[in-house]
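The data block below is upload20.txt; it holds compact mmCIF, C-alpha atoms and all ligand atoms.
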```
# COMPACT_ATOMS: atom_id res chain seq x y z
CA MET X 256 73.81 81.10 64.57
CA PRO X 257 73.87 83.77 63.70
CA ASP X 258 70.44 85.08 62.69
CA LEU X 259 71.38 88.56 61.64
CA GLN X 260 68.23 89.29 59.66
CA TYR X 261 66.66 91.19 62.56
CA THR X 262 66.88 94.89 63.30
CA GLY X 263 67.97 96.26 66.66
CA THR X 264 64.40 97.40 67.21
CA GLN X 265 63.12 93.82 66.85
CA ILE X 266 65.63 92.58 69.42
CA ASN X 267 64.54 95.40 71.73
CA TYR X 268 60.84 94.60 71.29
CA TYR X 269 61.45 90.93 72.03
CA PHE X 270 62.25 92.00 75.58
CA VAL X 271 59.73 94.85 75.81
CA CYS X 272 56.60 93.10 74.50
CA LYS X 273 56.16 90.01 72.31
CA ARG X 274 52.93 91.43 70.86
CA LYS X 275 54.70 94.65 69.88
CA LEU X 276 57.42 92.61 68.17
CA TRP X 277 54.83 90.72 66.14
CA LEU X 278 52.85 93.86 65.14
CA PHE X 279 55.97 95.83 64.25
CA THR X 280 57.42 92.99 62.15
CA LYS X 281 54.14 92.58 60.27
CA ASP X 282 54.32 96.30 59.36
CA ILE X 283 51.39 97.32 61.52
CA ARG X 284 52.78 100.70 62.61
CA PHE X 285 51.46 103.74 64.46
CA GLU X 286 54.84 105.16 65.39
CA ASN X 287 54.34 108.66 63.94
CA GLU X 288 51.21 109.32 65.95
CA ASN X 289 52.63 108.70 69.39
CA GLU X 290 54.06 111.63 71.35
CA TYR X 291 56.51 109.40 73.28
CA VAL X 292 57.92 108.00 70.05
CA GLN X 293 58.27 111.58 68.78
CA LEU X 294 60.04 112.56 72.02
CA GLY X 295 62.42 109.63 71.60
CA ARG X 296 63.22 110.69 68.07
CA LEU X 297 63.81 114.29 69.20
CA ILE X 298 66.25 113.16 71.91
CA ASP X 299 67.96 110.82 69.44
CA GLU X 300 68.40 113.63 66.96
CA ASN X 301 69.59 116.28 69.41
CA SER X 302 71.63 114.50 72.08
CA TYR X 303 75.36 114.10 71.79
CA LYS X 304 75.18 115.97 68.51
CA ARG X 305 78.92 116.57 68.37
CA ASN X 306 79.54 112.83 67.95
CA LYS X 307 76.50 112.11 65.84
CA LYS X 308 76.99 110.01 62.74
CA GLN X 309 74.49 107.20 62.33
CA ILE X 310 75.89 104.12 60.64
CA GLU X 311 73.89 101.40 58.89
CA ILE X 312 75.49 97.98 58.65
CA GLY X 313 73.29 95.22 57.28
CA LYS X 314 70.07 95.40 59.29
CA ILE X 315 71.47 97.42 62.17
CA LYS X 316 71.64 101.19 62.65
CA ILE X 317 74.27 102.32 65.12
CA ASP X 318 73.62 105.80 66.50
CA PHE X 319 77.29 106.71 66.37
CA ILE X 320 80.80 105.37 66.83
CA ASP X 321 83.14 107.55 68.87
CA ASN X 322 86.80 108.20 68.20
CA LYS X 323 87.78 105.23 70.42
CA GLY X 324 85.73 102.85 68.27
CA VAL X 325 83.00 102.42 70.89
CA ILE X 326 79.49 102.02 69.47
CA HIS X 327 76.78 104.17 71.05
CA GLU X 328 73.04 103.85 71.39
CA VAL X 329 71.03 106.82 72.74
CA LYS X 330 67.94 106.04 74.83
CA LYS X 331 65.28 108.44 76.08
CA SER X 332 64.32 106.10 78.90
CA ASN X 333 64.74 107.05 82.54
CA LYS X 334 65.88 103.57 83.44
CA ILE X 335 68.44 101.11 82.19
CA GLU X 336 66.68 98.11 80.64
CA LYS X 337 67.61 94.62 79.50
CA ALA X 338 66.06 95.44 76.10
CA HIS X 339 68.61 98.23 75.58
CA ILE X 340 71.50 96.03 76.68
CA TYR X 341 70.61 93.20 74.29
CA GLN X 342 69.99 95.62 71.44
CA VAL X 343 73.58 96.85 71.77
CA LYS X 344 74.90 93.31 72.29
CA TYR X 345 73.16 92.41 69.02
CA TYR X 346 75.09 95.20 67.31
CA ILE X 347 78.31 93.80 68.79
CA LEU X 348 77.34 90.28 67.60
CA THR X 349 76.65 91.57 64.09
CA LEU X 350 80.06 93.23 63.95
CA LYS X 351 81.77 90.11 65.39
CA LYS X 352 80.19 87.97 62.68
CA MET X 353 81.54 90.42 60.12
CA GLY X 354 85.03 89.89 61.51
CA VAL X 355 85.27 92.97 63.77
CA GLU X 356 86.46 91.74 67.17
CA ASN X 357 86.77 93.39 70.59
CA VAL X 358 83.97 95.88 70.02
CA THR X 359 82.41 97.46 73.09
CA GLY X 360 79.28 99.55 73.34
CA GLU X 361 77.85 102.30 75.44
CA ILE X 362 74.23 103.23 76.04
CA ASP X 363 73.73 106.94 76.60
CA TYR X 364 70.80 108.06 78.73
CA PRO X 365 70.52 111.85 78.30
CA LYS X 366 67.58 112.11 80.71
CA LEU X 367 69.50 110.19 83.40
CA LYS X 368 72.81 111.82 82.52
CA LYS X 369 74.27 108.30 82.66
CA ARG X 370 76.14 105.91 80.42
CA LYS X 371 76.23 102.12 80.58
CA THR X 372 79.14 100.19 79.14
CA ILE X 373 78.25 97.02 77.23
CA VAL X 374 80.72 94.19 76.66
CA TRP X 375 80.32 90.81 75.02
CA ASP X 376 80.20 88.01 77.65
CA SER X 377 81.05 84.34 77.17
CA ASP X 378 77.37 83.37 77.73
CA ASP X 379 76.00 85.79 75.18
CA GLU X 380 76.26 83.50 72.16
CA LYS X 381 74.04 80.96 73.94
CA GLU X 382 71.69 83.74 75.07
CA PHE X 383 71.24 84.88 71.47
CA GLU X 384 70.46 81.34 70.30
CA SER X 385 67.57 81.39 72.72
CA ILE X 386 66.52 84.94 71.71
CA PHE X 387 66.52 84.05 67.99
CA SER X 388 64.52 80.90 68.51
CA GLY X 389 62.04 82.84 70.69
CA ILE X 390 61.63 85.49 67.98
CA LYS X 391 61.13 82.85 65.29
CA GLU X 392 58.44 81.18 67.34
CA ILE X 393 56.56 84.46 67.90
CA LEU X 394 56.76 85.52 64.26
CA SER X 395 55.56 82.12 63.04
CA GLN X 396 52.20 82.69 64.76
CA SER X 397 49.34 83.64 62.44
CA GLY X 398 48.12 86.39 64.78
CA PRO X 399 49.67 88.66 67.42
CA PRO X 400 50.30 87.34 70.93
CA ALA X 401 47.58 88.31 73.41
CA VAL X 402 47.63 91.69 75.15
CA VAL X 403 49.51 91.55 78.44
CA LYS X 404 49.16 94.84 80.30
CA LYS X 405 52.45 96.36 81.38
CA ASN X 406 53.61 99.70 82.79
CA ILE X 407 54.87 100.75 79.38
CA CYS X 408 51.53 100.20 77.59
CA SER X 409 50.22 103.74 78.15
CA LYS X 410 53.32 105.12 76.39
CA CYS X 411 53.31 102.56 73.59
CA ALA X 412 52.48 103.51 70.00
CA TYR X 413 50.10 100.50 69.90
CA TYR X 414 48.14 101.51 73.03
CA GLU X 415 44.92 102.40 71.20
CA PHE X 416 45.19 99.34 69.00
CA CYS X 417 45.53 97.08 72.05
CA PHE X 418 43.18 98.73 74.53
CA VAL X 419 40.63 101.03 72.88
S1 LIG Z 501 50.22 98.54 74.24
FE1 LIG Z 501 51.21 97.11 75.66
S2 LIG Z 501 50.49 95.08 74.97
FE2 LIG Z 501 50.09 96.51 73.30
S3 LIG Z 501 51.89 96.35 71.99
FE3 LIG Z 501 52.25 98.05 73.38
S4 LIG Z 501 53.38 97.21 75.09
FE4 LIG Z 501 52.47 95.49 73.98
```

What would you get if you wrote out this structure as structure tokens?
Amino acid sequence: MPDLQYTGTQINYYFVCKRKLWLFTKDIRFENENEYVQLGRLIDENSYKRNKKQIEIGKIKIDFIDNKGVIHEVKKSNKIEKAHIYQVKYYILTLKKMGVENVTGEIDYPKLKKRKTIVWDSDDEKEFESIFSGIKEILSQSGPPAVVKKNICSKCAYYEFCFV
């Protein structure tokens, strides 16, 4: 600990789909062609515009930091997911390891008109050890993990690659 060479997207994909994580990391990308990815980008670029100021620190890209020092991530999703929560916790971990303590996060869901507060818990360090070792194991494989059909597949940028 810590393995801070990952991006927030990789942490997110670890929870969403192991195959997607592998393909994305190996630079097999179809992101521009998918309408749902485009929609996500549009919402990212147009929501909460008053506060908008994306910040890159190491491998992470924080959507914006508000005037109370809270880090924000904007999600187009219509449900709160573990992938989003751990993506923001990863941002908090990165900042902690750089010496910035007591950071909290917020995930903004414009479609839901909701916000979820994210705080660092005492178990999170252990949780990330397991996440990092899981990611390492997946990425060490010579080919992508097998297709496992999920509800999100039809909206995934890799749908045609996996199913057609
Ligand atoms: S289409 Fe489904 S199985 Fe294929 S990468 Fe996307 S989420 Fe994973």

Q) So which residues are near ligand LIG 501 (chain Z), meaning at most 7 Å away with only C-alpha atoms and all ligand atoms counted, given back as a ChimeraX atom specification? A) /X:271-275,402-405,407-409,411-414,417

Listed atoms of range 390-400 of chain X boxed along x, y and z, 5 Å each side, centre and edge lengths in Å, one decimal, as AutoDock Vina command-line options:
```
--center_x 54.9 --center_y 84.9 --center_z 66.7 --size_x 23.5 --size_y 17.5 --size_z 18.5
```

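Closest approach to Phe383 in chain X among X:Lys334, X:Pro399, X:Ile266, X:Gln260: X:Ile266, based on only C-alpha atoms.
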
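Residue neighbourhood of Leu276 in chain X, excluding near-sequence residues (fewer than 3 positions): X:Thr264, X:Gln265, X:Ile266, X:Asn267, X:Tyr268, X:Tyr269, X:Phe270, X:Val271, X:Cys272, X:Lys273, X:Phe279, X:Thr280, X:Lys281, X:Ile390, X:Ile393, X:Leu394, X:Pro399, at 9 Å, using all atoms listed in the file.
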
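Of the residues listed (X:Arg284, X:Lys323, X:Lys391, X:Lys371), X:Lys371 shows the shortest atom-to-atom separation from His339 in chain X; distances use only C-alpha atoms.
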
(Q) Just checking: using all atoms listed in the file, which residue out of X:Gly324, X:Gly398, X:Pro365, X:Gly360 ends up closest to Lys344 in chain X? (A) X:Gly360

Q) Hey, what's within 10 Å of Ile310 in chain X if we count only C-alpha atoms and toss same-chain stuff fewer than 6 positions away? As a list in words, please? A) Lys316, Ile317, Asp318, Phe319, Ile320 and Ile326 of chain X

Convert the current residue selection to file output with C-alpha atoms, as a compact mmCIF listing (two decimals), keeping the file's coordinate frame.
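Printed below is again.txt as written:
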```txt
# COMPACT_ATOMS: atom_id res chain seq x y z
CA LYS X 316 71.64 101.19 62.65
CA ILE X 317 74.27 102.32 65.12
CA ASP X 318 73.62 105.80 66.50
CA PHE X 319 77.29 106.71 66.37
CA ILE X 320 80.80 105.37 66.83
CA ILE X 326 79.49 102.02 69.47
```

Q: Show me as a PyMOL selection string the residues that reach within 7 Å of (83.0, 92.6, 74.8), counting only C-alpha atoms and using the file's own coordinates.
A: chain X and resi 357-359+373-376

Got time to write the residues from that selection, C-alpha atoms, as a compact mmCIF listing (two decimals), in the coordinates of the input?
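Below is the file that was written, result.txt:
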```
# COMPACT_ATOMS: atom_id res chain seq x y z
CA ASN X 357 86.77 93.39 70.59
CA VAL X 358 83.97 95.88 70.02
CA THR X 359 82.41 97.46 73.09
CA ILE X 373 78.25 97.02 77.23
CA VAL X 374 80.72 94.19 76.66
CA TRP X 375 80.32 90.81 75.02
CA ASP X 376 80.20 88.01 77.65
```

Q: Measuring atom to atom with only C-alpha atoms, identify which of X:Ile362, X:Val355, X:Ile340, X:Val419 is nearest to Glu328 in chain X.
A: X:Ile362

Q. Which residues come within 8 Å of Lys366 in chain X, counting all atoms listed in the file, excluding same-chain residues fewer than 5 positions away, as an MDAnalysis selection string?
A. chainID X and resid 331:333

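Atom pair CA of Ile315 in chain X / CA of Tyr346 in chain X: separated by 6.7 Å.
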
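Interatomic distance, CA of Met353 in chain X against CA of Tyr261 in chain X: 15.1 Å.
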
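Going from CA of Pro400 in chain X over to CA of Leu278 in chain X, you cover 9.1 Å.
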